[in-house]
Each structure stands twice: as structure tokens, then as C-alpha cells.
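> Below you'll find work-v3.cif; it's mmCIF, C-alpha atoms.
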data_start
loop_
_atom_site.label_atom_id
_atom_site.label_comp_id
_atom_site.auth_asym_id
_atom_site.auth_seq_id
_atom_site.Cartn_x
_atom_site.Cartn_y
_atom_site.Cartn_z
CA ASP A 1 -7.28 5.10 -19.05
CA GLY A 2 -3.86 4.78 -17.48
CA GLY A 3 -3.37 2.34 -14.70
CA ILE A 4 -1.99 -0.92 -13.41
CA THR A 5 -3.45 -4.24 -14.46
CA GLN A 6 -2.91 -7.36 -12.39
CA SER A 7 -3.90 -10.84 -13.46
CA PRO A 8 -5.28 -13.21 -12.56
CA LYS A 9 -7.52 -11.76 -9.86
CA TYR A 10 -7.92 -15.15 -8.19
CA LEU A 11 -5.52 -18.07 -8.43
CA PHE A 12 -5.43 -21.49 -6.82
CA ARG A 13 -2.26 -23.49 -6.58
CA LYS A 14 -1.34 -26.91 -5.39
CA GLU A 15 1.58 -27.23 -3.01
CA GLY A 16 4.86 -27.58 -4.85
CA GLN A 17 3.79 -25.60 -7.90
CA ASN A 18 5.28 -22.33 -9.06
CA VAL A 19 2.85 -19.62 -10.14
CA THR A 20 3.42 -16.31 -11.89
CA LEU A 21 1.39 -13.18 -11.22
CA SER A 22 1.24 -10.60 -13.97
CA CYS A 23 1.56 -6.84 -13.49
CA GLU A 24 1.39 -4.38 -16.39
CA GLN A 25 1.34 -0.58 -16.21
CA ASN A 26 0.73 2.06 -18.87
CA LEU A 27 1.57 5.04 -16.67
CA ASN A 28 5.14 5.31 -17.98
CA HIS A 29 6.40 4.95 -14.42
CA ASP A 30 10.02 4.00 -13.83
CA ALA A 31 9.60 2.16 -10.54
CA MET A 32 7.47 -0.89 -9.79
CA TYR A 33 6.84 -2.84 -6.59
CA TRP A 34 5.32 -6.05 -5.30
CA TYR A 35 3.68 -6.17 -1.88
CA ARG A 36 2.13 -8.96 0.10
CA GLN A 37 -0.91 -8.33 2.31
CA ASP A 38 -2.06 -10.65 5.06
CA PRO A 39 -5.10 -10.08 7.31
CA GLY A 40 -4.38 -7.68 10.17
CA GLN A 41 -0.97 -6.74 8.81
CA GLY A 42 0.28 -3.84 6.81
CA LEU A 43 1.73 -4.28 3.37
CA ARG A 44 5.13 -5.92 3.21
CA LEU A 45 7.54 -5.29 0.34
CA ILE A 46 8.64 -8.35 -1.61
CA TYR A 47 10.67 -6.90 -4.50
CA TYR A 48 11.02 -3.58 -6.24
CA SER A 49 12.54 -2.34 -9.47
CA GLN A 50 13.71 1.20 -10.09
CA ILE A 51 14.66 0.68 -13.74
CA VAL A 52 14.44 -1.88 -16.48
CA ASN A 53 16.71 -4.92 -16.02
CA ASP A 54 17.34 -4.10 -12.39
CA PHE A 55 15.50 -5.10 -9.21
CA GLN A 56 16.16 -5.37 -5.49
CA LYS A 57 14.90 -7.57 -2.69
CA GLY A 58 12.46 -6.11 -0.25
CA ASP A 59 11.77 -7.24 3.28
CA ILE A 60 10.32 -10.68 2.48
CA ALA A 61 11.90 -11.81 -0.82
CA GLU A 62 12.55 -15.44 0.14
CA GLY A 63 10.55 -17.84 -2.04
CA TYR A 64 9.78 -15.21 -4.68
CA SER A 65 11.41 -14.12 -7.93
CA VAL A 66 10.84 -11.28 -10.38
CA SER A 67 12.01 -9.94 -13.73
CA ARG A 68 11.90 -6.51 -15.34
CA GLU A 69 12.61 -6.95 -19.03
CA LYS A 70 10.23 -4.17 -20.08
CA LYS A 71 9.35 -0.90 -18.41
CA GLU A 72 5.67 -1.78 -18.48
CA SER A 73 5.89 -5.26 -16.97
CA PHE A 74 6.99 -6.64 -13.60
CA PRO A 75 5.84 -10.25 -13.13
CA LEU A 76 6.17 -12.01 -9.79
CA THR A 77 6.78 -15.76 -9.49
CA VAL A 78 5.78 -17.45 -6.27
CA THR A 79 7.98 -20.51 -6.05
CA SER A 80 7.51 -23.76 -4.18
CA ALA A 81 10.13 -22.51 -1.73
CA GLN A 82 7.65 -19.99 -0.33
CA LYS A 83 6.34 -21.74 2.77
CA ASN A 84 3.14 -19.79 3.25
CA PRO A 85 2.11 -18.31 -0.10
CA THR A 86 -1.62 -17.86 0.52
CA ALA A 87 -2.08 -14.08 0.52
CA PHE A 88 -3.29 -11.03 -1.37
CA TYR A 89 -0.58 -9.68 -3.68
CA LEU A 90 -0.48 -6.05 -4.76
CA CYS A 91 1.57 -4.53 -7.54
CA ALA A 92 2.33 -0.81 -7.47
CA SER A 93 4.28 1.79 -9.38
CA SER A 94 5.70 5.25 -8.79
CA ILE A 95 6.74 7.95 -11.25
CA THR A 96 10.37 7.64 -10.27
CA PRO A 97 11.96 6.15 -7.18
CA ARG A 98 12.95 9.57 -5.86
CA GLY A 99 10.92 12.00 -7.88
CA GLY A 100 7.77 13.55 -6.63
CA THR A 101 6.45 12.65 -3.23
CA GLY A 102 6.80 8.89 -3.43
CA GLU A 103 3.11 8.31 -4.04
CA LEU A 104 2.30 4.76 -5.12
CA PHE A 105 -0.32 3.73 -7.65
CA PHE A 106 -1.77 0.29 -7.03
CA GLY A 107 -3.33 -2.45 -9.09
CA GLU A 108 -6.43 -4.26 -7.86
CA GLY A 109 -4.51 -7.22 -6.54
CA SER A 110 -4.26 -10.97 -7.04
CA ARG A 111 -5.50 -13.38 -4.40
CA LEU A 112 -3.47 -16.59 -4.28
CA THR A 113 -4.76 -19.62 -2.42
CA VAL A 114 -2.70 -22.75 -1.94
CA LEU A 115 -4.79 -25.88 -1.74
CA ALA B 1 14.46 3.81 11.51
CA GLN B 2 10.79 4.54 11.15
CA SER B 3 7.53 3.03 12.24
CA VAL B 4 3.84 3.80 12.21
CA THR B 5 1.14 2.80 14.67
CA GLN B 6 -2.54 2.87 13.90
CA LEU B 7 -4.14 3.02 17.29
CA ASP B 8 -7.44 1.36 16.39
CA SER B 9 -7.83 -1.79 14.32
CA HIS B 10 -11.57 -1.21 13.96
CA VAL B 11 -13.73 1.93 14.18
CA SER B 12 -17.50 2.02 13.89
CA VAL B 13 -19.49 5.24 13.32
CA SER B 14 -23.02 6.11 12.33
CA GLU B 15 -23.67 7.70 8.98
CA GLY B 16 -23.51 11.48 9.26
CA THR B 17 -21.26 11.51 12.34
CA PRO B 18 -17.57 12.50 12.41
CA VAL B 19 -14.77 10.09 11.63
CA LEU B 20 -11.43 9.99 13.47
CA LEU B 21 -8.76 7.44 12.53
CA ARG B 22 -5.62 7.77 14.62
CA CYS B 23 -2.03 7.38 13.48
CA ASN B 24 1.23 7.95 15.35
CA TYR B 25 4.59 7.73 13.68
CA SER B 26 8.24 7.47 14.56
CA SER B 27 10.96 8.60 12.19
CA SER B 28 14.63 9.47 12.47
CA TYR B 29 14.21 11.85 9.58
CA SER B 30 11.71 14.48 8.59
CA PRO B 31 8.88 12.31 7.31
CA SER B 32 6.41 12.31 4.51
CA LEU B 33 3.08 10.86 5.57
CA PHE B 34 0.24 9.36 3.60
CA TRP B 35 -3.23 7.96 4.11
CA TYR B 36 -4.44 5.29 1.70
CA VAL B 37 -7.89 3.68 1.48
CA GLN B 38 -8.63 0.12 0.41
CA HIS B 39 -12.08 -1.21 -0.42
CA PRO B 40 -12.61 -4.99 -0.18
CA ASN B 41 -10.53 -6.99 -2.65
CA LYS B 42 -9.23 -3.83 -4.27
CA GLY B 43 -5.93 -2.02 -4.47
CA LEU B 44 -5.01 0.98 -2.34
CA GLN B 45 -5.90 4.52 -3.36
CA LEU B 46 -4.19 7.64 -2.07
CA LEU B 47 -6.44 9.84 0.10
CA LEU B 48 -3.94 12.54 1.00
CA LYS B 49 -0.27 13.23 1.66
CA TYR B 50 1.88 15.46 3.84
CA THR B 51 5.28 16.45 2.47
CA SER B 52 6.50 19.26 4.75
CA ALA B 53 4.27 21.98 3.37
CA ALA B 54 1.02 22.95 5.12
CA THR B 55 0.38 20.91 8.25
CA LEU B 56 -3.35 20.62 7.56
CA VAL B 57 -3.78 18.51 4.48
CA LYS B 58 -7.01 18.12 2.56
CA GLY B 59 -7.66 15.01 0.52
CA ILE B 60 -10.31 13.43 -1.59
CA ASN B 61 -13.87 12.64 -0.50
CA GLY B 62 -13.87 15.24 2.27
CA PHE B 63 -11.06 13.71 4.32
CA GLU B 64 -8.32 15.73 5.93
CA ALA B 65 -5.39 15.14 8.25
CA GLU B 66 -3.21 17.32 10.45
CA PHE B 67 0.49 16.77 10.92
CA LYS B 68 1.45 17.44 14.55
CA LYS B 69 5.19 17.13 15.02
CA SER B 70 5.07 17.64 18.79
CA GLU B 71 2.65 14.74 19.14
CA THR B 72 4.14 12.67 16.27
CA SER B 73 0.63 12.19 14.99
CA PHE B 74 -1.17 12.31 11.65
CA HIS B 75 -4.82 11.60 12.42
CA LEU B 76 -7.38 11.30 9.63
CA THR B 77 -10.73 13.03 10.01
CA LYS B 78 -13.96 13.61 8.14
CA PRO B 79 -16.84 15.75 9.43
CA SER B 80 -19.64 13.47 8.28
CA ALA B 81 -19.34 9.78 7.43
CA HIS B 82 -21.00 8.28 4.38
CA MET B 83 -21.80 4.64 3.81
CA SER B 84 -19.32 4.59 0.93
CA ASP B 85 -16.51 5.42 3.39
CA ALA B 86 -16.63 1.90 4.81
CA ALA B 87 -13.21 0.48 3.95
CA GLU B 88 -9.76 -0.16 5.38
CA TYR B 89 -7.44 2.79 5.88
CA PHE B 90 -3.66 2.69 6.02
CA CYS B 91 -1.31 5.29 7.44
CA VAL B 92 2.09 5.27 5.74
CA VAL B 93 5.41 6.98 6.58
CA ARG B 94 8.48 7.63 4.47
CA PRO B 95 11.61 9.70 5.03
CA THR B 96 11.21 12.91 3.03
CA THR B 97 14.38 12.22 1.09
CA GLY B 98 13.81 8.50 0.81
CA THR B 99 12.54 6.46 -2.09
CA ALA B 100 9.14 4.87 -2.35
CA SER B 101 10.80 1.56 -1.47
CA LYS B 102 11.25 2.94 2.04
CA LEU B 103 7.55 3.25 2.79
CA THR B 104 6.38 1.74 6.08
CA PHE B 105 2.70 0.79 6.29
CA GLY B 106 0.57 0.69 9.39
CA THR B 107 -1.53 -2.39 10.08
CA GLY B 108 -4.72 -0.69 8.98
CA THR B 109 -7.97 0.53 10.53
CA ARG B 110 -11.23 -0.93 9.35
CA LEU B 111 -13.96 1.70 9.26
CA GLN B 112 -17.52 0.49 9.60
CA VAL B 113 -20.37 2.93 8.85
CA THR B 114 -23.83 2.07 10.12
CA LEU B 115 -27.23 3.56 9.37
#
Reformat the file's structure so that it appears as C-alpha cells.


Amino acid sequence: DGGITQSPKYLFRKEGQNVTLSCEQNLNHDAMYWYRQDPGQGLRLIYYSQIVNDFQKGDIAEGYSVSREKKESFPLTVTSAQKNPTAFYLCASSITPRGGTGELFFGEGSRLTVL
Amino acid sequence: AQSVTQLDSHVSVSEGTPVLLRCNYSSSYSPSLFWYVQHPNKGLQLLLKYTSAATLVKGINGFEAEFKKSETSFHLTKPSAHMSDAAEYFCVVRPTTGTASKLTFGTGTRLQVTL
């Protein structure tokens, strides 16, 4: 089955540690996205990538980093510079950035808790 | 500029009764509009989308929504609620010619279904 796989599902981190969240897709989609979700808020865009080896900052990129070395993979690193990292993180993809209707396909999310 | 307002943060209905989740939008451009559903600790799944074709849009699981330009609304309805409909619902807006990176999410409406 095609889809997006995020891992780990739950992650605990001590303050000052960097952590990396994995996102892999086998949908052959060009574009991939990372969103952050906090209770009572909509999704906020952290980073997105429209093509391999290229990515752009979203609305809340500070304290995060990404890479896009392969079409299938778009890992997100939450660095120690992120002041409030406890959140639910969602990875998504779309067929192309402009093609189709812009529908996003989501993974099941990773819940990060800072102890 | 664009924005989306979900008028109710929480809606409670009895099983078998109609569902109405309200969404108003603001967009400088002709918008595309989406409703997504999220079950607890899961990713988002597309329910339906409006992309400037028919104003009454039918989606999965018996949901539908009507685009009303004069009222800048895109309310989600279902004739008869089922227990499995209990989830969080997000209204999303995007400029028709924009990329998926330009999606704006509402803050969500939590639907509770009681016996």
C-alpha cells in the first residue's frame, strides 16, 4: 500500500538535545511538508520541499532543520534552539506543488515530548 | 491574504441526527477549499474539496459541503451522524492557482457523537 510513514510515533527528549523525525513516502510525490500541531490551533507549516535537494522555510522554521537528499525521504530535526518543541508533528506530501488540486496526504504523526 | 474561521471549536450531536460544522473564509483570490478529518493521534484525511467546479461537493462517509461565495462560507454537513464520525475536522483554504505550501488551516472543530 502506498502511503507516508512517520517514525517514531512517540519520542521523549531532554532539554538541549537534538532529535530527528523520519518521514518516508512511496507515493512518488514531488512535494513534501512538515507541519506542527498544537492543541486548539490549526496546522502550522515548518518547512516544505518541492523537489529533491531543495527546500524552503515555512511560517515557523526557527529551531528546525530539514534535508531532502532523496525523493522519498524528508527528515525533520528539532534542534535545541527550538524553545517549545513539545508538539504533534505531521509530515505530508502532494503529487506536485502546483499540479492537481493541492490535496495533501498525511502520515500518522510523531508526538514529541520534552522532559 | 487568506484566512479561515471555524465558528465552533466543539460540536456535540446525538447519533442519527444531522451534523453541521461551520467554516467561513477570506481570500484575495478565487479559493480552493477543503475539509479534512483527524481521528485521535492520527494524520489528517481528506473528506472533500471544492476547486471551482460544482458548488455542492460530496465527499466520503456521507459528508457534503456547499460553497457559497456571497456568504464566504463552506459549511460541512451530514444528514445522520454515526459514532465513528467523532473526530476533529479542519477547514482549509488555498488560492486556486497557489501551491500546496499556501494552505491555511482553520483551528479545528471537535465533533462529539453521543448515543

> If the cut-off is 12 Å, can you tell me the residues of chain A near chain B, counting only C-alpha atoms? I'd like them as a ChimeraX atom specification.

/A:3-6,9-10,30-50,55-59,87-111

> Show which residues sit within 7 Å of region 19-31 of chain B, as a PyMOL selection string. Count all atoms listed in the file, and ignore same-chain residues fewer than 2 positions away.

chain B and resi 1-8+13+17+33+72-81+91+93-96

> Any chance you could resolve the PyMOL selection byres ((chain A and resi 11) around 10) against this file and give the residues as a count of residues only?

15

> Written as number ranges by chain, what is the full residue list that the PyMOL selection byres ((chain B and resi 60) around 10) yields on the file shown?

B: 46-48, 58-59, 61-64

> Using all atoms listed in the file, find the one residue out of B:Trp35, B:Tyr89, B:Ser84, B:Glu66 that sits nearest to Thr114 (chain B).

B:Ser84

> Restricting the calculation to all atoms listed in the file, which member of A:Asp54, A:Glu72, A:Glu15, A:Glu62 is positioned closest to Asn28 (chain A)?

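So, comparing all the options, the nearest one is A:Glu72.
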
> Determine the residue membership of the PyMOL selection byres ((chain A and resi 71) around 8) for the file above and supply it as a list in words.

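What the PyMOL selection byres ((chain A and resi 71) around 8) grabs from the file is Asn28, His29, Asp30, Ile51, Val52, Arg68, Glu69, Lys70, Glu72, Ser73 and Phe74 of chain A.
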
> May I ask for the distance between CA of Ser67 (chain A) and CA of Lys14 (chain A), given in Å to one decimal place?

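These two atoms are separated by 23.1 Å.
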
> Hey, can you check how far CA of Leu111 (chain B) sits from CA of Ser12 (chain B)?

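If I compute the distance from CA of Leu111 (chain B) to CA of Ser12 (chain B), I get 5.8 Å.
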
> What does the structure give for the distance between CA of Glu24 (chain A) and CA of Gln82 (chain A), in Å to one decimal?

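Distance reported for this atom pair: 23.3 Å.
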
> Looking at only C-alpha atoms, which of B:Gly16, B:Ala86, B:Val113, B:Ala54 is the one that sits closest to Phe67 (chain B)?

B:Ala54

> Using only C-alpha atoms, determine which residues lie at most 8 Å from Ser65 (chain A), disregarding the query and same-chain residues fewer than 2 positions distant; provide the list as a PyMOL selection string.

chain A and resi 61+63+67+76-79
